[in-house]
Each structure stands twice: as C-alpha cells, then as structure tokens.
>>> print(open('entry_9.txt').read())   # compact mmCIF, C-alpha atoms
# COMPACT_ATOMS: atom_id res chain seq x y z
CA GLN A 1 0.00 0.00 0.00
CA GLY A 2 2.84 2.35 0.78
CA LEU A 3 4.52 1.61 -2.54
CA ALA A 4 1.40 2.69 -4.45
CA LEU A 5 1.31 6.01 -2.62
CA VAL A 6 5.03 6.57 -3.19
CA LEU A 7 4.72 5.89 -6.92
CA LEU A 8 1.70 8.17 -7.17
CA GLY A 9 3.60 10.94 -5.39
CA VAL A 10 6.66 10.53 -7.63
CA ALA A 11 4.47 10.68 -10.74
CA ILE A 12 2.69 13.82 -9.52
CA GLY A 13 6.01 15.39 -8.57
CA LEU A 14 7.60 14.72 -11.94
CA ALA A 15 4.51 16.10 -13.71
CA GLY A 16 4.70 19.16 -11.47
CA ILE A 17 8.34 19.73 -12.34
CA LEU A 18 7.58 19.56 -16.03
CA GLY A 19 4.63 21.91 -15.59
CA LEU A 20 6.57 24.50 -13.58
CA MET A 21 9.78 24.48 -15.63
CA ARG A 22 9.77 28.22 -16.24
CA LEU A 23 9.60 29.02 -12.53
CA ILE A 24 12.15 26.36 -11.61
CA SER A 25 14.67 27.57 -14.21
CA SER A 26 15.01 30.93 -12.43
CA VAL A 27 15.97 29.17 -9.17
CA LEU A 28 18.42 26.59 -10.49
CA PHE A 29 22.06 27.49 -11.08
CA GLY A 30 24.15 25.32 -13.39
CA VAL A 31 21.41 22.72 -13.88
CA ARG A 32 18.82 22.68 -16.64
CA PRO A 33 15.24 22.21 -15.46
CA THR A 34 14.84 19.19 -17.74
CA ASP A 35 18.08 17.49 -16.68
CA PRO A 36 17.07 13.81 -16.54
CA VAL A 37 19.86 12.75 -14.18
CA THR A 38 18.83 15.34 -11.60
CA MET A 39 15.11 14.57 -11.86
CA VAL A 40 15.57 10.79 -11.67
CA GLY A 41 18.13 11.09 -8.86
CA ALA A 42 15.84 13.26 -6.77
CA ALA A 43 12.87 10.97 -7.45
CA PHE A 44 14.86 7.87 -6.42
CA ALA A 45 16.17 9.57 -3.28
CA LEU A 46 12.71 10.64 -2.14
CA ALA A 47 11.10 7.32 -3.12
CA GLY A 48 13.83 5.39 -1.30
CA SER A 49 13.38 7.32 1.90
CA ALA A 50 9.58 6.97 1.70
CA LEU A 51 9.82 3.22 1.12
CA LEU A 52 12.19 2.89 4.06
CA ALA A 53 9.71 4.82 6.20
CA CYS A 54 7.00 2.33 5.17
CA TYR A 55 9.16 -0.79 5.56
CA LEU A 56 10.66 -0.29 9.01
CA PRO A 57 7.39 -0.03 10.99
CA ALA A 58 5.87 -2.90 9.00
CA ARG A 59 8.86 -5.11 9.75
CA ARG A 60 8.65 -4.30 13.46
CA ALA A 61 4.90 -4.98 13.50
CA SER A 62 5.36 -8.33 11.75
CA ARG A 63 7.66 -9.55 14.54
CA ILE A 64 4.91 -9.26 17.17
CA ASP A 65 2.82 -12.36 17.82
CA PRO A 66 -0.80 -11.62 16.77
CA MET A 67 -2.23 -13.18 19.94
CA VAL A 68 -0.07 -10.94 22.11
CA ALA A 69 -1.21 -7.89 20.17
CA LEU A 70 -4.87 -8.89 20.49
CA ARG A 71 -4.57 -9.50 24.23
CA TYR A 72 -2.95 -6.11 24.72
CA GLU A 73 -6.01 -4.30 23.43
>>> encode(input="entry_9.txt", output="structure tokens")
Amino acid sequence: QGLALVLLGVAIGLAGILGLMRLISSVLFGVRPTDPVTMVGAAFALAGSALLACYLPARRASRIDPMVALRYE
C-alpha cells in the first residue's frame, strides 16, 4: 500500500516539475530544469526514503505475535 502512494507521489512530482519548468529555471544554477539525471536522482532519493519509512514499521509490527497484540487491546 505504501509503494502505491510513493509511486503516485513521484508521478505527480515529476509532472509538477515539467509543468513548472519556467519558474524552476530561475531558481536553479548550473542545472537545466529538464536534466534527466537530476530529476531521476531526486525521485529515487525521495522514493527510497519513503519506502524505508514504510518498511521499518511494517517489519517491526510483523515480529509481534498476533495473539499478544490482540490480548494487549
């Protein structure tokens, strides 16, 4: 479920970059707004950190015995 949200966010972000190129070009120095290496690198960095944020709590929750969790509540 987290992967679907991450991919949706990356797609919206890349579409937003392409839509706001004129504004972005005035802020960037030494990098073209359509530089594919920069866009893909930033997308992978953000997607990687988001996937890690989804994976770590899920891994910790999967280590708990379901009966113990049900008794706790």
>>> residues_around(input="entry_9.txt", residues="Cys54 in chain A", least_positions_apart="2", cutoff="12 Å", atoms="all atoms listed in the file", output="PyMOL selection string")
chain A and resi 1-6+47-52+56-61
>>> write_last_selection(input="entry_9.txt", atoms="C-alpha atoms", output="tab-separated table (two decimals), in the coordinates of the input")
chain	number	residue	atom	x	y	z
A	1	GLN	CA	0.00	0.00	0.00
A	2	GLY	CA	2.84	2.35	0.78
A	3	LEU	CA	4.52	1.61	-2.54
A	4	ALA	CA	1.40	2.69	-4.45
A	5	LEU	CA	1.31	6.01	-2.62
A	6	VAL	CA	5.03	6.57	-3.19
A	47	ALA	CA	11.10	7.32	-3.12
A	48	GLY	CA	13.83	5.39	-1.30
A	49	SER	CA	13.38	7.32	1.90
A	50	ALA	CA	9.58	6.97	1.70
A	51	LEU	CA	9.82	3.22	1.12
A	52	LEU	CA	12.19	2.89	4.06
A	56	LEU	CA	10.66	-0.29	9.01
A	57	PRO	CA	7.39	-0.03	10.99
A	58	ALA	CA	5.87	-2.90	9.00
A	59	ARG	CA	8.86	-5.11	9.75
A	60	ARG	CA	8.65	-4.30	13.46
A	61	ALA	CA	4.90	-4.98	13.50
>>> atom_distance(input="entry_9.txt", atom1="CA of Pro66 in chain A", atom2="CA of Ala53 in chain A")
22.2 Å
>>> atom_distance(input="entry_9.txt", atom1="CA of Ser26 in chain A", atom2="CA of Gly41 in chain A")
20.4 Å
>>> closest_residue(input="entry_9.txt", among="A:Gly9, A:Ile17, A:Ile64, A:Leu70", to="Met39 in chain A", atoms="only C-alpha atoms")
A:Ile17
>>> atom_distance(input="entry_9.txt", atom1="CA of Leu18 in chain A", atom2="CA of Pro33 in chain A")
8.1 Å
>>> closest_residue(input="entry_9.txt", among="A:Leu46, A:Asp35, A:Val27, A:Arg22", to="Leu7 in chain A", atoms="only C-alpha atoms")
A:Leu46
>>> decode(input="entry_9.txt", residues="range 49-66 of chain A", atoms="N, CA, C and O atoms", output="PDB file, in the first residue's frame")
ATOM      1  N   SER A  49      13.615   6.967   0.501  1.00  0.00           N
ATOM      2  CA  SER A  49      13.378   7.317   1.904  1.00  0.00           C
ATOM      3  C   SER A  49      11.922   7.051   2.304  1.00  0.00           C
ATOM      4  O   SER A  49      11.653   6.625   3.428  1.00  0.00           O
ATOM      5  N   ALA A  50      10.982   7.256   1.389  1.00  0.00           N
ATOM      6  CA  ALA A  50       9.579   6.970   1.699  1.00  0.00           C
ATOM      7  C   ALA A  50       9.347   5.468   1.856  1.00  0.00           C
ATOM      8  O   ALA A  50       8.609   5.035   2.751  1.00  0.00           O
ATOM      9  N   LEU A  51       9.973   4.672   1.001  1.00  0.00           N
ATOM     10  CA  LEU A  51       9.817   3.220   1.124  1.00  0.00           C
ATOM     11  C   LEU A  51      10.450   2.700   2.404  1.00  0.00           C
ATOM     12  O   LEU A  51       9.919   1.791   3.041  1.00  0.00           O
ATOM     13  N   LEU A  52      11.569   3.276   2.797  1.00  0.00           N
ATOM     14  CA  LEU A  52      12.191   2.891   4.061  1.00  0.00           C
ATOM     15  C   LEU A  52      11.288   3.258   5.236  1.00  0.00           C
ATOM     16  O   LEU A  52      11.161   2.491   6.196  1.00  0.00           O
ATOM     17  N   ALA A  53      10.635   4.404   5.143  1.00  0.00           N
ATOM     18  CA  ALA A  53       9.711   4.824   6.203  1.00  0.00           C
ATOM     19  C   ALA A  53       8.482   3.916   6.270  1.00  0.00           C
ATOM     20  O   ALA A  53       7.873   3.783   7.326  1.00  0.00           O
ATOM     21  N   CYS A  54       8.111   3.291   5.166  1.00  0.00           N
ATOM     22  CA  CYS A  54       7.004   2.325   5.172  1.00  0.00           C
ATOM     23  C   CYS A  54       7.465   0.959   5.652  1.00  0.00           C
ATOM     24  O   CYS A  54       6.728   0.247   6.342  1.00  0.00           O
ATOM     25  N   TYR A  55       8.673   0.569   5.290  1.00  0.00           N
ATOM     26  CA  TYR A  55       9.158  -0.787   5.556  1.00  0.00           C
ATOM     27  C   TYR A  55       9.510  -1.015   7.022  1.00  0.00           C
ATOM     28  O   TYR A  55       9.163  -2.058   7.579  1.00  0.00           O
ATOM     29  N   LEU A  56      10.185  -0.073   7.639  1.00  0.00           N
ATOM     30  CA  LEU A  56      10.657  -0.286   9.010  1.00  0.00           C
ATOM     31  C   LEU A  56       9.533  -0.527  10.014  1.00  0.00           C
ATOM     32  O   LEU A  56       9.600  -1.489  10.791  1.00  0.00           O
ATOM     33  N   PRO A  57       8.475   0.275  10.048  1.00  0.00           N
ATOM     34  CA  PRO A  57       7.387  -0.032  10.989  1.00  0.00           C
ATOM     35  C   PRO A  57       6.658  -1.336  10.656  1.00  0.00           C
ATOM     36  O   PRO A  57       6.228  -2.056  11.554  1.00  0.00           O
ATOM     37  N   ALA A  58       6.533  -1.653   9.372  1.00  0.00           N
ATOM     38  CA  ALA A  58       5.869  -2.898   8.995  1.00  0.00           C
ATOM     39  C   ALA A  58       6.695  -4.101   9.438  1.00  0.00           C
ATOM     40  O   ALA A  58       6.133  -5.116   9.887  1.00  0.00           O
ATOM     41  N   ARG A  59       8.007  -4.003   9.320  1.00  0.00           N
ATOM     42  CA  ARG A  59       8.865  -5.105   9.754  1.00  0.00           C
ATOM     43  C   ARG A  59       8.770  -5.293  11.260  1.00  0.00           C
ATOM     44  O   ARG A  59       8.689  -6.416  11.768  1.00  0.00           O
ATOM     45  N   ARG A  60       8.755  -4.191  12.010  1.00  0.00           N
ATOM     46  CA  ARG A  60       8.647  -4.295  13.461  1.00  0.00           C
ATOM     47  C   ARG A  60       7.289  -4.869  13.869  1.00  0.00           C
ATOM     48  O   ARG A  60       7.203  -5.687  14.778  1.00  0.00           O
ATOM     49  N   ALA A  61       6.231  -4.476  13.179  1.00  0.00           N
ATOM     50  CA  ALA A  61       4.899  -4.985  13.502  1.00  0.00           C
ATOM     51  C   ALA A  61       4.767  -6.460  13.156  1.00  0.00           C
ATOM     52  O   ALA A  61       4.032  -7.193  13.825  1.00  0.00           O
ATOM     53  N   SER A  62       5.476  -6.917  12.133  1.00  0.00           N
ATOM     54  CA  SER A  62       5.364  -8.325  11.751  1.00  0.00           C
ATOM     55  C   SER A  62       6.084  -9.254  12.726  1.00  0.00           C
ATOM     56  O   SER A  62       5.830 -10.449  12.741  1.00  0.00           O
ATOM     57  N   ARG A  63       6.949  -8.726  13.559  1.00  0.00           N
ATOM     58  CA  ARG A  63       7.658  -9.546  14.545  1.00  0.00           C
ATOM     59  C   ARG A  63       6.820  -9.829  15.794  1.00  0.00           C
ATOM     60  O   ARG A  63       7.161 -10.704  16.578  1.00  0.00           O
ATOM     61  N   ILE A  64       5.750  -9.092  15.987  1.00  0.00           N
ATOM     62  CA  ILE A  64       4.908  -9.259  17.167  1.00  0.00           C
ATOM     63  C   ILE A  64       3.933 -10.407  16.924  1.00  0.00           C
ATOM     64  O   ILE A  64       3.321 -10.508  15.857  1.00  0.00           O
ATOM     65  N   ASP A  65       3.763 -11.264  17.913  1.00  0.00           N
ATOM     66  CA  ASP A  65       2.816 -12.359  17.824  1.00  0.00           C
ATOM     67  C   ASP A  65       1.399 -11.773  17.799  1.00  0.00           C
ATOM     68  O   ASP A  65       1.054 -10.942  18.646  1.00  0.00           O
ATOM     69  N   PRO A  66       0.549 -12.188  16.852  1.00  0.00           N
ATOM     70  CA  PRO A  66      -0.804 -11.625  16.771  1.00  0.00           C
ATOM     71  C   PRO A  66      -1.629 -11.819  18.045  1.00  0.00           C
ATOM     72  O   PRO A  66      -2.417 -10.949  18.406  1.00  0.00           O
TER      73      PRO A  66
END
